Amino acid sequence: MPNEADTCRKFVVPRLQAAGWETEPHRLNEQVTFTDGRVIAAGSQGRRRPGKRADYLLRYRPDLSIAVVEAKASYCSASDGLQQAKEYAEILGLKFAYATNGREIVEFDFLEGRERTVAEFPIPDELWRRLIAGSGLSQQTADRLLTPAYHLSGKSPRYYQEIAINRAVQAVLQGRRRILLTMATGTGKTVVAFQICWKLWSSRWNRNPQKEYRRPRILYLADRNILIDDPKDKIFTPFGDARWKIENGVANKGREMYFAIYQAIARDENRPGLYREFAPDFFDLIIVDECHRGSARDESNWREILDYFEPAYQIGMTATPKHQDNADTYRYFGEPVYTYSLRQGIDDGFLAPYRVHRVITQWDAAGWRPKQGDLDRYGRDIPDEEYHTNDFERRIALRARTECVAKHLTEFLRRTDPFAKTIVFCVDQEHAAEMRRALINLNPDLVQQHPDYVCRVTSNEGDIGRGHLSNFQDLERQSPVILTTSQMLTTGVDAPTCKNVVLVRVINSMIEFKQIIGRGTRVRDDYGKLFFSILDYTGSATRLFADPAFDGEPSIETQEEVDEDGTPVRPAITVKPEEPSEPEPPGGPISDDGPDGHRKYYFDGGHVDVATHLVYELDPDGRQLTVVKFTDYTAERVRRLYRNAADLRRDWSDPKARATIIEKLADRGIDFDELARAAAAPDADPFDLLCHVAFNAPLRTRRERAQRLRSEKKDFFDQFGAEAKAVLDDLLDKYAEHGVAQFLLPDILEVPPISERGNVVEISRLFGGSDRLRRAVTDLQTLLYAA
């Protein structure tokens with residue numbers, strides 16, 4: 001019976017070719033995997049689920065997909081694949097979906113909301129005409145929309161970037177003056193901005209195409225130099241000499257691709273504003289990067305720049321969905337023409353999932369109050385009141401708390417990876433310096449080998465700090481490992497291998513929180529970066545993740561109590577996160593309290609320990625877990641697969657079925673090393689661990705299971721010669737020491753002491769050939785789990 005591949009080869013491809021889908025400039029892309037596959041964090045390791053794959057993508061131009069085709073075997077109904085085709089079409093932003101079994105073709109037209117059977121696949125020009133008509137595009141707009149993208153380093157835009165580019169360009173060509181794109185941090189907004197500019201620039205679009213045949217003048221606007229310099233000097237280099245950065249009071253009017261920060265062109269008390277050197281209609285297009293950062297507020301002096309250039313088309317780019325913090329952005333630019341969220345990025349595998357560690361010191365849990373007569377570092381009386389997390393490092397600096405946090409972070413890194421790139425967000429620059437000092441003093445061995453192991457990167461460091469940041473971002477440099485900062489690294493910093501984001505200051509803004517989290521969301525498979533950890537010492541992550549406005553909430557929370565040395569005093573448990581409460585407003589800095597001019601009090605005494613350690617995790621499906629412990633979560637998943645231990649034993653005894661079970665459990669985030677640690681049974685067989693947590697069976701070590709097989713199944717061993725029996729005995733010893741992976745043939749035969757008995761062929765002969773050897777090892781495993 002022909003399968004799906006046969007149907008594709010014999011019927012589907014020839015019919016698509018006959019319709020002209022492999023005739024230039026059209027494209028027929030087969031077996032297109034358009035997502036990377038969600039990352040599942042299992043213990044300390046990460047693995048990917050398979051990515052989403054379409055059978056065929058039909059492209060009217062190399063940069064413009066127009067339809068998706070799903071094929072089924074010829075014995076199936078053509079409509080069997082239509083639901084999947086429609087799902088993929090919606091994800092890819094396409095208006096036509098097709099399903100076929102080689103004989104019949106079913107079409108779904110999203111423009112008309114109609115499903116019908118068609119005799120043949122439509123030719124490219126027919127489908128393009130239907131798309132133009134259904135979308136209300138003029139012929140001139142449609143032609144400009146087909147302008148090729150620039151392929152950076154041979155890479156094509158990802159599917160969601162292609163959608164964002166085409167929708168923004170289409171909106172401009174259709175005369176929409178204010179446009180918004182919402183894309184999560186780490187999804188390539190700068191690449192999208194470049195391609196939008198390139199397509200409009202290359203097609204010679206401008207605000208008055210009927211009057212002027214020229215390239216557009218474009219302004220790329222942001223609020224930090226790092227957000228301007230990096231794109232200008234890297235991604236936008238194809239614009240060549242058309243680029244110009246507006247700075248130092250110079251208004252060059254002879255270029256086409258301009259870059260500027262608001263501060264360089266805005267008015268202040270000393271000047272009317274450099275932007276007024278340009279005519280209001282000078283720019284055709286303005287790209288506003290990180291537009292939520294105040295540019296659209298009615299009272300902002302940056303808003304007056306956008307108002308001055310009112311004739312220009314303006315595209316705002318933001319990483320934050322609509323929220324009370326940025327409602328002005330959405331009022332100004334309107335609803336997004338495209339949104340790609342953090343949740344979507346994680347589901348697609350383009351962004352890294354995360355764990356959130358909520359760490360609570362005793363003073364954060366219960367508050368801190370000075371004793372009578374306590375003086376601060378400068379001899380001042382500390383006001384007698386109870387201080388809480390919002391006050392720490394704002395009104396009162398507690399050195400013992402900073403050192404406690406530094407100690408806990410140091411222990412965390414030493415348990416996981418001492419060289420995992422880490423960014424610590426502190427309250428202010430002074431606090432960042434105190435944290436750096438504490439971390440350096442707790443890691444003298446590492447600092448001795450790497451003097452830049454811990455560095456502070458704040459505005460006060462200037463070029464030195466930027467140098468440390470550059471080294472931190474360098475994929476090939478091992479140090480710096482830890483950066484302490486306050487505000488400087490919240491946005492515009494691409495650190496692909498950052499594995500830990502540490503919060504030691506209260507964050508109340510959802511916008512700022514999402515940007516900080518974005519420091520860790522980059523994925524680098526080639527450097528082992530598949531997920532990251534958020535260490536939250538202030539409760540900000542716990543509260544903001546639970547906010548309904550956040551779209552990527554963690555789902556497991558485990559609580560771990562530690563003693564003053566950081567040693568767990570009882571096994572970690574998992575509980576549900578509490579419902580969010582209204583955040584307490586942060587305490588502002590106190591006013592000067594004397595001639596020394598210090599803005600807060602500094603208390604260097606006392607002793608404080610970590611009271612509680614909570615860990616939140618995204619479950620494999622991105623939903624909240626309701627289990628109490630990791631072992632209970634595992635038990636629930638096992639019981640969904642098997643009703644009892646006997647059914648599990650039946651399949652586990654078969655090596656092929658066992659591999660399937662392990663794969664299914666791994667896909668649900670269950671790692672056997674992690675399970676062994678949670679059950680405090682490092683020597684137990686995985687099968688016994690599963691039966692123990694799911695069906696309350698007694699635990700048995702691998703060695704006990706191997707010894708029981710030797711004593712109870714002597715007749716099995718007696719059927720082999722002495723040398724073959726010795727090989728089986730060696731295999732059991734290997735299993736007892738390392739686990740079931742030792743039964744993998746022929747690999748294990750090349751490992752001592754088995755390899756000392758001969759090569760693979762010679763060992764096979766001891767059993768009467770390779771087939772009998774495999775059967776003997778399979779029978780050995782079956783008997784191993786027989787009871």
# chains A, B, ... in the order shown; residues from 1 in each chain; ligands from 1

$ residues_around --residues "Leu94 in chain A" --least-positions-apart "5" --cutoff "8 Å" --atoms "only C-alpha atoms" --output "list in words"
Ser65, Ile66, Ala67, Val68 and Ala89 of chain A

$ residues_around --residues "Ala679 in chain A" --least-positions-apart "2" --cutoff "9 Å" --atoms "only C-alpha atoms" --output "JSON, numbers by chain"
{"A": [571, 631, 674, 675, 676, 677, 681, 682, 689, 693]}

$ write_last_selection --atoms "N, CA and C atoms" --output "mmCIF file, in the first residue's frame"
data_model
loop_
_atom_site.group_PDB
_atom_site.id
_atom_site.type_symbol
_atom_site.label_atom_id
_atom_site.label_comp_id
_atom_site.auth_asym_id
_atom_site.auth_seq_id
_atom_site.Cartn_x
_atom_site.Cartn_y
_atom_site.Cartn_z
ATOM 1 N N PRO A 571 14.049 17.918 51.832
ATOM 2 C CA PRO A 571 13.894 17.870 50.378
ATOM 3 C C PRO A 571 13.004 18.996 49.858
ATOM 4 N N THR A 631 8.346 14.308 42.392
ATOM 5 C CA THR A 631 8.036 12.875 42.361
ATOM 6 C C THR A 631 6.542 12.648 42.106
ATOM 7 N N GLU A 674 17.389 13.489 37.802
ATOM 8 C CA GLU A 674 16.654 14.405 38.671
ATOM 9 C C GLU A 674 15.692 13.625 39.576
ATOM 10 N N LEU A 675 15.029 12.621 39.021
ATOM 11 C CA LEU A 675 14.094 11.812 39.802
ATOM 12 C C LEU A 675 14.824 11.041 40.898
ATOM 13 N N ALA A 676 15.998 10.521 40.568
ATOM 14 C CA ALA A 676 16.785 9.791 41.571
ATOM 15 C C ALA A 676 17.180 10.700 42.722
ATOM 16 N N ARG A 677 17.544 11.954 42.397
ATOM 17 C CA ARG A 677 17.894 12.908 43.458
ATOM 18 C C ARG A 677 16.667 13.239 44.302
ATOM 19 N N ALA A 681 17.445 8.259 45.898
ATOM 20 C CA ALA A 681 17.763 6.867 45.564
ATOM 21 C C ALA A 681 18.679 6.826 44.340
ATOM 22 N N PRO A 682 19.925 7.256 44.477
ATOM 23 C CA PRO A 682 20.822 7.351 43.322
ATOM 24 C C PRO A 682 21.174 6.010 42.689
ATOM 25 N N LEU A 689 12.294 3.208 40.245
ATOM 26 C CA LEU A 689 11.933 4.575 40.623
ATOM 27 C C LEU A 689 10.518 4.899 40.171
ATOM 28 N N VAL A 693 7.359 5.689 42.781
ATOM 29 C CA VAL A 693 6.637 6.959 42.909
ATOM 30 C C VAL A 693 5.202 6.841 42.390
#

$ residues_around --residues "range 440-443 of chain A" --least-positions-apart "4" --cutoff "7 Å" --atoms "only C-alpha atoms" --output "PyMOL selection string"
chain A and resi 407+436+447+454

$ closest_residue --among "A:Arg775, A:Arg668, A:Arg355, A:Arg167" --to "Phe531 in chain A" --atoms "only C-alpha atoms"
A:Arg355

$ closest_residue --among "A:Ile132, A:Ala78, A:Val106, A:Leu503" --to "Cys426 in chain A" --atoms "only C-alpha atoms"
A:Leu503

$ atom_distance --atom1 "CA of Leu784 in chain A" --atom2 "CA of Arg47 in chain A"
29.2 Å

$ select_by_dssp --residues "range 407-539 of chain A" --states "alpha helix (DSSP H)" --output "ChimeraX atom specification"
/A:407-416,429-442,444-449,462-473,510-517

$ closest_residue --among "A:Ala264, A:Ala352, A:Cys404, A:Ala365" --to "Ala611 in chain A" --atoms "only C-alpha atoms"
A:Ala365

$ residues_around --residues "Lys72 in chain A" --least-positions-apart "2" --cutoff "10 Å" --atoms "only C-alpha atoms" --output "list of chain:residue names"
A:Asn3, A:Glu4, A:Ala5, A:Asp6, A:Thr7, A:Cys8, A:Val12, A:Asp55, A:Glu70, A:Ser74, A:Tyr75, A:Cys76, A:Ser77, A:Ala78, A:Ser79, A:Asp80, A:Gly81, A:Leu82, A:Ala99, A:Thr100, A:Asn101, A:Gly102

$ write_last_selection --atoms "N, CA, C and O atoms" --output "short mmCIF file (atom, residue, chain, number, x, y, z; two decimals), in the first residue's frame"
data_model
loop_
_atom_site.label_atom_id
_atom_site.label_comp_id
_atom_site.auth_asym_id
_atom_site.auth_seq_id
_atom_site.Cartn_x
_atom_site.Cartn_y
_atom_site.Cartn_z
N ASN A 3 2.49 4.79 0.73
CA ASN A 3 2.43 5.65 1.90
C ASN A 3 2.42 7.12 1.46
O ASN A 3 2.36 7.44 0.26
N GLU A 4 2.51 8.01 2.44
CA GLU A 4 2.44 9.45 2.14
C GLU A 4 3.60 9.89 1.25
O GLU A 4 3.41 10.70 0.33
N ALA A 5 4.80 9.35 1.50
CA ALA A 5 5.96 9.73 0.68
C ALA A 5 5.75 9.31 -0.77
O ALA A 5 6.11 10.06 -1.71
N ASP A 6 5.17 8.13 -0.97
CA ASP A 6 4.89 7.68 -2.34
C ASP A 6 3.90 8.61 -3.03
O ASP A 6 4.06 8.98 -4.20
N THR A 7 2.88 9.00 -2.29
CA THR A 7 1.87 9.91 -2.84
C THR A 7 2.50 11.24 -3.26
O THR A 7 2.21 11.77 -4.34
N CYS A 8 3.36 11.77 -2.40
CA CYS A 8 4.02 13.04 -2.70
C CYS A 8 4.88 12.93 -3.95
O CYS A 8 4.82 13.78 -4.85
N VAL A 12 1.71 14.40 -5.99
CA VAL A 12 1.59 15.79 -5.52
C VAL A 12 2.61 16.69 -6.20
O VAL A 12 2.25 17.74 -6.77
N ASP A 55 4.39 20.17 4.70
CA ASP A 55 4.80 19.34 3.56
C ASP A 55 5.31 20.20 2.41
O ASP A 55 6.36 19.92 1.82
N GLU A 70 -0.70 20.38 2.55
CA GLU A 70 -0.47 19.19 3.36
C GLU A 70 -0.93 17.96 2.57
O GLU A 70 -2.02 17.95 2.00
N SER A 74 -2.55 8.11 -0.45
CA SER A 74 -3.63 8.04 -1.43
C SER A 74 -4.86 7.31 -0.91
O SER A 74 -5.98 7.54 -1.39
N TYR A 75 -4.70 6.43 0.09
CA TYR A 75 -5.86 5.72 0.63
C TYR A 75 -6.64 6.56 1.63
O TYR A 75 -7.71 6.15 2.11
N CYS A 76 -6.13 7.74 2.00
CA CYS A 76 -6.83 8.64 2.92
C CYS A 76 -7.71 9.60 2.13
O CYS A 76 -7.55 9.78 0.91
N SER A 77 -8.62 10.25 2.82
CA SER A 77 -9.40 11.31 2.20
C SER A 77 -8.53 12.56 2.11
O SER A 77 -7.73 12.85 3.01
N ALA A 78 -8.68 13.32 1.04
CA ALA A 78 -7.89 14.54 0.88
C ALA A 78 -8.14 15.51 2.03
O ALA A 78 -7.23 16.20 2.49
N SER A 79 -9.37 15.56 2.53
CA SER A 79 -9.71 16.52 3.58
C SER A 79 -9.11 16.17 4.93
O SER A 79 -9.14 16.99 5.85
N ASP A 80 -8.54 14.96 5.05
CA ASP A 80 -7.93 14.56 6.33
C ASP A 80 -6.80 15.51 6.74
O ASP A 80 -6.53 15.68 7.93
N GLY A 81 -6.13 16.09 5.78
CA GLY A 81 -5.00 16.97 6.09
C GLY A 81 -5.36 18.43 6.14
O GLY A 81 -4.48 19.28 6.38
N LEU A 82 -6.64 18.78 5.94
CA LEU A 82 -7.00 20.19 5.83
C LEU A 82 -6.87 20.93 7.15
O LEU A 82 -6.43 22.09 7.18
N ALA A 99 -5.09 20.73 0.99
CA ALA A 99 -4.85 19.35 1.43
C ALA A 99 -5.13 18.44 0.25
O ALA A 99 -6.07 18.68 -0.52
N THR A 100 -4.30 17.40 0.11
CA THR A 100 -4.47 16.51 -1.04
C THR A 100 -4.04 15.10 -0.70
O THR A 100 -3.20 14.89 0.19
N ASN A 101 -4.64 14.13 -1.40
CA ASN A 101 -4.18 12.74 -1.33
C ASN A 101 -3.58 12.29 -2.66
O ASN A 101 -3.43 11.11 -2.92
N GLY A 102 -3.26 13.27 -3.49
CA GLY A 102 -2.70 12.99 -4.81
C GLY A 102 -3.75 12.97 -5.89
O GLY A 102 -3.50 13.34 -7.04
#

$ residues_around --residues "Tyr160 in chain A" --least-positions-apart "5" --cutoff "9 Å" --atoms "only C-alpha atoms" --output "list in words"
Ile91, Leu92, Gly93, Ile165, Thr187, Tyr338, Thr339 and Tyr340 of chain A

$ write_last_selection --atoms "N, CA and C atoms" --output "CSV table (one decimal), in the first residue's frame"
chain,number,residue,atom,x,y,z
A,91,ILE,N,-0.6,30.1,11.4
A,91,ILE,CA,0.6,30.4,12.1
A,91,ILE,C,1.5,31.2,11.1
A,92,LEU,N,1.5,30.8,9.9
A,92,LEU,CA,2.4,31.5,8.9
A,92,LEU,C,1.8,32.7,8.3
A,93,GLY,N,0.6,33.1,8.7
A,93,GLY,CA,0.0,34.3,8.2
A,93,GLY,C,-0.4,34.2,6.7
A,165,ILE,N,7.7,41.8,8.7
A,165,ILE,CA,8.2,42.7,7.6
A,165,ILE,C,7.1,43.0,6.6
A,187,THR,N,13.7,38.2,19.6
A,187,THR,CA,13.1,37.6,18.4
A,187,THR,C,13.5,38.4,17.2
A,338,TYR,N,1.2,43.3,13.9
A,338,TYR,CA,1.6,41.9,14.1
A,338,TYR,C,2.2,41.8,15.5
A,339,THR,N,1.9,40.7,16.2
A,339,THR,CA,2.4,40.5,17.6
A,339,THR,C,3.0,39.1,17.6
A,340,TYR,N,4.2,39.0,18.1
A,340,TYR,CA,4.9,37.7,18.4
A,340,TYR,C,5.4,37.8,19.8

$ residues_around --residues "Arg524 in chain A" --least-positions-apart "2" --cutoff "10 Å" --atoms "only C-alpha atoms" --output "PyMOL selection string"
chain A and resi 350-352+475+496-498+521-522+526-531

$ write_last_selection --atoms "all heavy atoms" --output "compact mmCIF listing (two decimals), in the first residue's frame"
# COMPACT_ATOMS: atom_id res chain seq x y z
N PHE A 350 12.32 29.26 19.59
CA PHE A 350 13.25 30.33 19.24
C PHE A 350 13.73 31.07 20.48
O PHE A 350 14.74 31.76 20.44
CB PHE A 350 12.59 31.32 18.27
CG PHE A 350 12.23 30.73 16.94
CD1 PHE A 350 10.94 30.81 16.45
CD2 PHE A 350 13.18 30.07 16.18
CE1 PHE A 350 10.60 30.25 15.23
CE2 PHE A 350 12.86 29.51 14.95
CZ PHE A 350 11.56 29.60 14.47
N LEU A 351 12.98 30.95 21.58
CA LEU A 351 13.36 31.58 22.84
C LEU A 351 13.49 30.51 23.92
O LEU A 351 12.84 29.46 23.86
CB LEU A 351 12.33 32.61 23.27
CG LEU A 351 12.17 33.83 22.34
CD1 LEU A 351 11.11 34.78 22.90
CD2 LEU A 351 13.49 34.56 22.16
N ALA A 352 14.31 30.79 24.90
CA ALA A 352 14.60 29.82 25.96
C ALA A 352 13.56 29.87 27.06
O ALA A 352 13.16 30.95 27.50
CB ALA A 352 15.99 30.11 26.55
N LEU A 475 31.24 35.24 22.62
CA LEU A 475 30.93 33.83 22.81
C LEU A 475 32.16 33.00 23.14
O LEU A 475 32.06 31.93 23.75
CB LEU A 475 30.27 33.27 21.55
CG LEU A 475 28.90 33.87 21.19
CD1 LEU A 475 28.44 33.35 19.84
CD2 LEU A 475 27.86 33.57 22.25
N PRO A 496 23.90 36.20 24.19
CA PRO A 496 23.25 34.92 23.86
C PRO A 496 23.49 33.81 24.86
O PRO A 496 22.66 32.92 24.99
CB PRO A 496 23.86 34.57 22.49
CG PRO A 496 24.39 35.85 21.95
CD PRO A 496 24.80 36.66 23.12
N THR A 497 24.64 33.83 25.56
CA THR A 497 24.95 32.72 26.47
C THR A 497 24.66 33.06 27.93
O THR A 497 25.07 32.31 28.82
CB THR A 497 26.42 32.30 26.32
OG1 THR A 497 27.27 33.43 26.57
CG2 THR A 497 26.70 31.76 24.93
N CYS A 498 23.94 34.15 28.19
CA CYS A 498 23.58 34.49 29.57
C CYS A 498 22.62 33.44 30.12
O CYS A 498 21.53 33.25 29.61
CB CYS A 498 22.94 35.88 29.63
SG CYS A 498 22.44 36.36 31.29
N THR A 521 16.72 35.20 27.30
CA THR A 521 15.85 34.37 26.45
C THR A 521 16.51 33.90 25.16
O THR A 521 15.91 33.10 24.43
CB THR A 521 14.56 35.13 26.09
OG1 THR A 521 14.90 36.41 25.52
CG2 THR A 521 13.70 35.34 27.33
N ARG A 522 17.71 34.38 24.85
CA ARG A 522 18.37 33.90 23.63
C ARG A 522 18.73 32.42 23.78
O ARG A 522 19.09 31.97 24.85
CB ARG A 522 19.64 34.68 23.34
CG ARG A 522 19.47 35.94 22.51
CD ARG A 522 18.80 37.05 23.25
NE ARG A 522 18.88 38.31 22.50
CZ ARG A 522 18.38 39.44 22.93
NH1 ARG A 522 17.77 39.49 24.09
NH2 ARG A 522 18.49 40.54 22.20
N ASP A 526 24.50 25.56 20.09
CA ASP A 526 25.90 25.21 19.89
C ASP A 526 26.76 25.50 21.11
O ASP A 526 27.88 24.99 21.22
CB ASP A 526 26.47 25.92 18.65
CG ASP A 526 26.16 27.42 18.65
OD1 ASP A 526 25.28 27.86 19.41
OD2 ASP A 526 26.81 28.15 17.87
N TYR A 527 26.25 26.31 22.04
CA TYR A 527 26.99 26.59 23.27
C TYR A 527 26.28 26.02 24.50
O TYR A 527 26.57 26.40 25.63
CB TYR A 527 27.19 28.10 23.44
CG TYR A 527 28.26 28.65 22.52
CD1 TYR A 527 27.96 29.02 21.22
CD2 TYR A 527 29.58 28.78 22.94
CE1 TYR A 527 28.92 29.51 20.35
CE2 TYR A 527 30.56 29.27 22.08
CZ TYR A 527 30.22 29.63 20.80
OH TYR A 527 31.19 30.12 19.95
N GLY A 528 25.33 25.10 24.27
CA GLY A 528 24.65 24.45 25.38
C GLY A 528 23.69 25.34 26.13
O GLY A 528 23.30 25.04 27.26
N LYS A 529 23.28 26.46 25.52
CA LYS A 529 22.34 27.38 26.19
C LYS A 529 20.94 27.11 25.63
O LYS A 529 20.58 27.57 24.54
CB LYS A 529 22.76 28.83 25.92
CG LYS A 529 21.68 29.89 26.18
CD LYS A 529 21.36 30.05 27.64
CE LYS A 529 20.19 31.03 27.80
NZ LYS A 529 20.41 32.36 27.25
N LEU A 530 20.14 26.35 26.40
CA LEU A 530 18.80 26.01 25.97
C LEU A 530 17.73 26.57 26.90
O LEU A 530 16.57 26.71 26.51
CB LEU A 530 18.64 24.49 25.86
CG LEU A 530 19.41 23.82 24.72
CD1 LEU A 530 19.32 22.30 24.83
CD2 LEU A 530 18.88 24.27 23.37
N PHE A 531 18.09 26.86 28.14
CA PHE A 531 17.16 27.49 29.06
C PHE A 531 17.98 28.32 30.05
O PHE A 531 19.21 28.26 30.05
CB PHE A 531 16.29 26.46 29.79
CG PHE A 531 17.06 25.48 30.63
CD1 PHE A 531 17.28 25.71 31.98
CD2 PHE A 531 17.55 24.30 30.08
CE1 PHE A 531 17.98 24.80 32.76
CE2 PHE A 531 18.26 23.38 30.84
CZ PHE A 531 18.48 23.64 32.18

$ closest_residue --among "A:Tyr330, A:Tyr354, A:Phe392, A:Trp244" --to "Trp368 in chain A" --atoms "only C-alpha atoms"
A:Phe392
